[in-house]
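Visitor: Sending over a structure as structure tokens; questions will come in a sec.
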Amino acid sequence: MNLDGQNPNEDAKNLILGGTQMIARLHRFDECEKFRKYKGGSMLGPDSPPFNPKKPKMLISKAIEIEFAEKALNKAAQFGIIDLSQYDDQIEKSKRELDEMFGREGKNSSKGCANSSCKSKNFGLKAFTRDLRTNFKGLDDIYISHVLCGAWGGVRPGTTHLASKIVPCKLSPGLGGTMDDLAVVKIVEGSIGLVHLDQAEDFYDSIYSYLSTIGITRVKVDVIH
């Protein structure tokens, strides 16, 4: 996934909470850069990358801090406050701290493959799912989750072989009355990139045909759209 205005060939970085994920759009059908660089056997040997069990909560806490700061900024603007610099400064400071947390993780992890070798069968999600089955004997299925329209923000126009268009979204009365949160606000603000109905079969075939080649056997589809 990536965001409107970003390089259409690069993945968005550090998307954690729903508020930021909601405006991201699908721009390719294979795995993201982090999984593309996974080297087969990395988590099986004695030199497997370290895992800090506290790290996920730390990242989520920092992302929540940014979300609250953005809400405070919006509320201040609604009340007519002209000088919003203190809010902007706090948001930028928290975002830098979040980037540094991810950056430290990257420095401590394996460099993975060079761009020219990432297509090798010993790299990427195919290697990752193979390692999962090696490590967890008797594993029946490996699931992956995606949204009905590809990503929360749909498919980014001009990035795939499909004809997609940004379409404004309207909340149903039920959803509007039960989900008053930043995720919903963001998806309404960003609208959804919808693939033309005539290409719906091609759209899902493009997703599932690839997943089937890399060891994914089941999918969970979120139908909030």
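Labeling convention for the structure tokens: chains A, B, ... as they appear, residues from 1 per chain, ligands from 1 in order of appearance.
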Need the shell around Ala127 (chain A): protein/DNA/RNA residues with any atom at most 9 Å away, counting only C-alpha atoms. Skip same-chain ones fewer than 4 positions apart. Format as a ChimeraX atom specification?
Guide: /A:38-41,121-123,131-132,214-215
Visitor: Could you please take those selected residues and save C-alpha atoms as a PDB file, in the first residue's frame?
Guide:
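And here is the file that came out, result03.pdb:
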ATOM      1  CA  TYR A  38      12.844 -11.832   3.920  1.00  0.00           C
ATOM      2  CA  LYS A  39      15.533 -14.463   3.372  1.00  0.00           C
ATOM      3  CA  GLY A  40      14.554 -18.107   3.666  1.00  0.00           C
ATOM      4  CA  GLY A  41      15.759 -19.720   6.882  1.00  0.00           C
ATOM      5  CA  LYS A 121      12.480 -18.525  -4.443  1.00  0.00           C
ATOM      6  CA  ASN A 122      14.631 -18.196  -1.318  1.00  0.00           C
ATOM      7  CA  PHE A 123      13.293 -14.707  -0.625  1.00  0.00           C
ATOM      8  CA  ASP A 131       9.751 -21.544   6.975  1.00  0.00           C
ATOM      9  CA  LEU A 132       6.463 -21.385   8.887  1.00  0.00           C
ATOM     10  CA  ILE A 214       3.524 -18.242  -2.358  1.00  0.00           C
ATOM     11  CA  GLY A 215       1.920 -20.695   0.048  1.00  0.00           C
TER      12      GLY A 215
END
Visitor: List the neighbours of Trp152 (chain A) out to 7 Å using only C-alpha atoms; skip same-chain residues closer than 5 positions along the sequence, and give me the result as a count of residues only.
Guide: 6
Visitor: Please, what distance in Å, to one decimal, runs between CA of Ser48 (chain A) and CA of Lys95 (chain A)?
Guide: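 Answer for the CA of Ser48 (chain A) to CA of Lys95 (chain A) separation: 28.9 Å.
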Visitor: Can you list, as a list of chain:residue names, every protein, DNA or RNA residue that comes within 12 Å of Ala200 (chain A) when you count only C-alpha atoms, leaving out same-chain residues fewer than 3 positions away?
Guide: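 So, after excluding close chain neighbours, the residues are A:Leu148, A:Cys149, A:Gly150, A:Val155, A:Leu162, A:Ala163, A:Ser164, A:Leu194, A:Val195, A:His196, A:Leu197, A:Phe203, A:Tyr204, A:Asp205, A:Ser206, A:Ile207.
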Visitor: So that I can see what lies close to Arg36 (chain A), please list as a CSV table (one decimal) with N, CA and C atoms, in the first residue's frame the residues with an atom at most 7 Å from it, counting only C-alpha atoms and leaving out residues fewer than 4 positions away in the same chain.
Guide:
chain,number,residue,atom,x,y,z
A,31,GLU,N,3.9,-8.9,-2.3
A,31,GLU,CA,4.1,-8.5,-0.9
A,31,GLU,C,4.9,-7.2,-0.8
A,32,CYS,N,4.8,-6.6,0.4
A,32,CYS,CA,5.5,-5.3,0.6
A,32,CYS,C,7.0,-5.5,0.7
A,118,CYS,N,15.6,-10.4,-5.2
A,118,CYS,CA,14.4,-10.6,-4.4
A,118,CYS,C,13.4,-11.5,-5.0
A,123,PHE,N,13.6,-16.0,-1.2
A,123,PHE,CA,13.3,-14.7,-0.6
A,123,PHE,C,11.8,-14.5,-0.7
A,124,GLY,N,11.3,-13.6,0.1
A,124,GLY,CA,9.9,-13.1,0.0
A,124,GLY,C,9.0,-14.0,0.8
A,125,LEU,N,7.7,-13.7,0.6
A,125,LEU,CA,6.6,-14.5,1.4
A,125,LEU,C,6.6,-16.0,1.1
Visitor: Under the rule that only C-alpha atoms are counted, which of A:Thr160, A:Thr134, A:Thr129, A:Gln86 is the nearest residue to Pro8 (chain A)?
Guide: A:Thr160
Visitor: Based on DSSP run over this structure's backbone, return all residues of region 3-117 of chain A in helix (DSSP H, G or I), as a PyMOL selection string.
Guide: chain A and resi 18-21+33-36+55-78+85-108+115-117
Visitor: Output the selection as a PDB file, in the first residue's frame - C-alpha atoms for each residue.
Guide:
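Result written to out_19.pdb:
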ATOM      1  CA  GLY A  18      -6.478   2.572  11.326  1.00  0.00           C
ATOM      2  CA  GLY A  19      -6.350   6.335  10.913  1.00  0.00           C
ATOM      3  CA  THR A  20      -3.288   6.169   8.656  1.00  0.00           C
ATOM      4  CA  GLN A  21      -4.120   2.843   7.032  1.00  0.00           C
ATOM      5  CA  GLU A  33       9.192  -4.500   0.662  1.00  0.00           C
ATOM      6  CA  LYS A  34       9.736  -5.842   4.177  1.00  0.00           C
ATOM      7  CA  PHE A  35       8.470  -9.297   3.220  1.00  0.00           C
ATOM      8  CA  ARG A  36      10.135  -9.203  -0.202  1.00  0.00           C
ATOM      9  CA  LYS A  55       8.155  -3.354  20.707  1.00  0.00           C
ATOM     10  CA  PRO A  56       4.605  -3.721  19.290  1.00  0.00           C
ATOM     11  CA  LYS A  57       3.076  -1.981  22.318  1.00  0.00           C
ATOM     12  CA  MET A  58       5.707   0.753  22.130  1.00  0.00           C
ATOM     13  CA  LEU A  59       4.927   1.393  18.459  1.00  0.00           C
ATOM     14  CA  ILE A  60       1.179   1.394  19.060  1.00  0.00           C
ATOM     15  CA  SER A  61       1.545   3.776  22.011  1.00  0.00           C
ATOM     16  CA  LYS A  62       3.565   6.212  19.920  1.00  0.00           C
ATOM     17  CA  ALA A  63       1.070   5.970  17.053  1.00  0.00           C
ATOM     18  CA  ILE A  64      -1.801   6.665  19.474  1.00  0.00           C
ATOM     19  CA  GLU A  65       0.123   9.691  20.723  1.00  0.00           C
ATOM     20  CA  ILE A  66       0.270  11.000  17.145  1.00  0.00           C
ATOM     21  CA  GLU A  67      -3.420  10.275  16.613  1.00  0.00           C
ATOM     22  CA  PHE A  68      -4.397  12.209  19.752  1.00  0.00           C
ATOM     23  CA  ALA A  69      -2.187  15.115  18.698  1.00  0.00           C
ATOM     24  CA  GLU A  70      -3.870  15.211  15.279  1.00  0.00           C
ATOM     25  CA  LYS A  71      -7.296  15.168  16.924  1.00  0.00           C
ATOM     26  CA  ALA A  72      -6.241  18.061  19.165  1.00  0.00           C
ATOM     27  CA  LEU A  73      -5.050  19.972  16.094  1.00  0.00           C
ATOM     28  CA  ASN A  74      -8.365  19.459  14.301  1.00  0.00           C
ATOM     29  CA  LYS A  75     -10.352  20.485  17.368  1.00  0.00           C
ATOM     30  CA  ALA A  76      -8.251  23.620  17.831  1.00  0.00           C
ATOM     31  CA  ALA A  77      -8.812  24.555  14.194  1.00  0.00           C
ATOM     32  CA  GLN A  78     -12.564  24.058  14.611  1.00  0.00           C
ATOM     33  CA  SER A  85       2.274  25.756  15.378  1.00  0.00           C
ATOM     34  CA  GLN A  86       2.511  24.073  18.783  1.00  0.00           C
ATOM     35  CA  TYR A  87       0.239  21.286  17.569  1.00  0.00           C
ATOM     36  CA  ASP A  88       2.189  20.896  14.326  1.00  0.00           C
ATOM     37  CA  ASP A  89       5.478  20.792  16.237  1.00  0.00           C
ATOM     38  CA  GLN A  90       4.201  18.084  18.584  1.00  0.00           C
ATOM     39  CA  ILE A  91       2.949  15.964  15.686  1.00  0.00           C
ATOM     40  CA  GLU A  92       6.237  16.255  13.798  1.00  0.00           C
ATOM     41  CA  LYS A  93       8.233  15.452  16.946  1.00  0.00           C
ATOM     42  CA  SER A  94       6.185  12.313  17.616  1.00  0.00           C
ATOM     43  CA  LYS A  95       6.447  11.214  13.977  1.00  0.00           C
ATOM     44  CA  ARG A  96      10.235  11.573  14.073  1.00  0.00           C
ATOM     45  CA  GLU A  97      10.350   9.484  17.235  1.00  0.00           C
ATOM     46  CA  LEU A  98       8.206   6.809  15.575  1.00  0.00           C
ATOM     47  CA  ASP A  99      10.473   6.779  12.518  1.00  0.00           C
ATOM     48  CA  GLU A 100      13.497   6.401  14.796  1.00  0.00           C
ATOM     49  CA  MET A 101      11.892   3.405  16.501  1.00  0.00           C
ATOM     50  CA  PHE A 102      11.415   1.721  13.134  1.00  0.00           C
ATOM     51  CA  GLY A 103      14.869   2.838  12.023  1.00  0.00           C
ATOM     52  CA  ARG A 104      16.566   1.139  14.953  1.00  0.00           C
ATOM     53  CA  GLU A 105      14.713  -2.044  14.088  1.00  0.00           C
ATOM     54  CA  GLY A 106      15.968  -1.850  10.508  1.00  0.00           C
ATOM     55  CA  LYS A 107      19.589  -1.367  11.580  1.00  0.00           C
ATOM     56  CA  ASN A 108      19.455  -4.443  13.773  1.00  0.00           C
ATOM     57  CA  ASN A 115      16.813  -5.694  -5.505  1.00  0.00           C
ATOM     58  CA  SER A 116      17.957  -7.985  -8.302  1.00  0.00           C
ATOM     59  CA  SER A 117      17.713 -11.131  -6.184  1.00  0.00           C
TER      60      SER A 117
END
Visitor: Separation of CA of Thr159 (chain A) and CA of Leu211 (chain A), in Å?
Guide: 19.0 Å
Visitor: Measure the distance from CA of Leu26 (chain A) to CA of His146 (chain A) in Å and round it to one decimal.
Guide: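 Computing it gives 10.1 Å between the two atoms.
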Visitor: I need the strand (DSSP E) residues of region 1-199 of chain A per DSSP on the backbone, written as a list of chain:residue names.
Guide: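 The strand (DSSP E) residues within region 1-199 of chain A come out as A:Asn2, A:Leu3, A:Ala24, A:Arg25, A:Tyr143, A:Ile144, A:Ser145, A:His146, A:Val147, A:Ser164, A:Lys165, A:Ile166, A:Val167, A:Ile192, A:Gly193, A:Leu194, A:Val195.
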Visitor: Excluding same-chain residues fewer than 3 positions from Gly193 (chain A), what lies within 7 Å of it counting only C-alpha atoms, as a VMD selection string?
Guide: chain A and resid 153 to 157 164 to 167
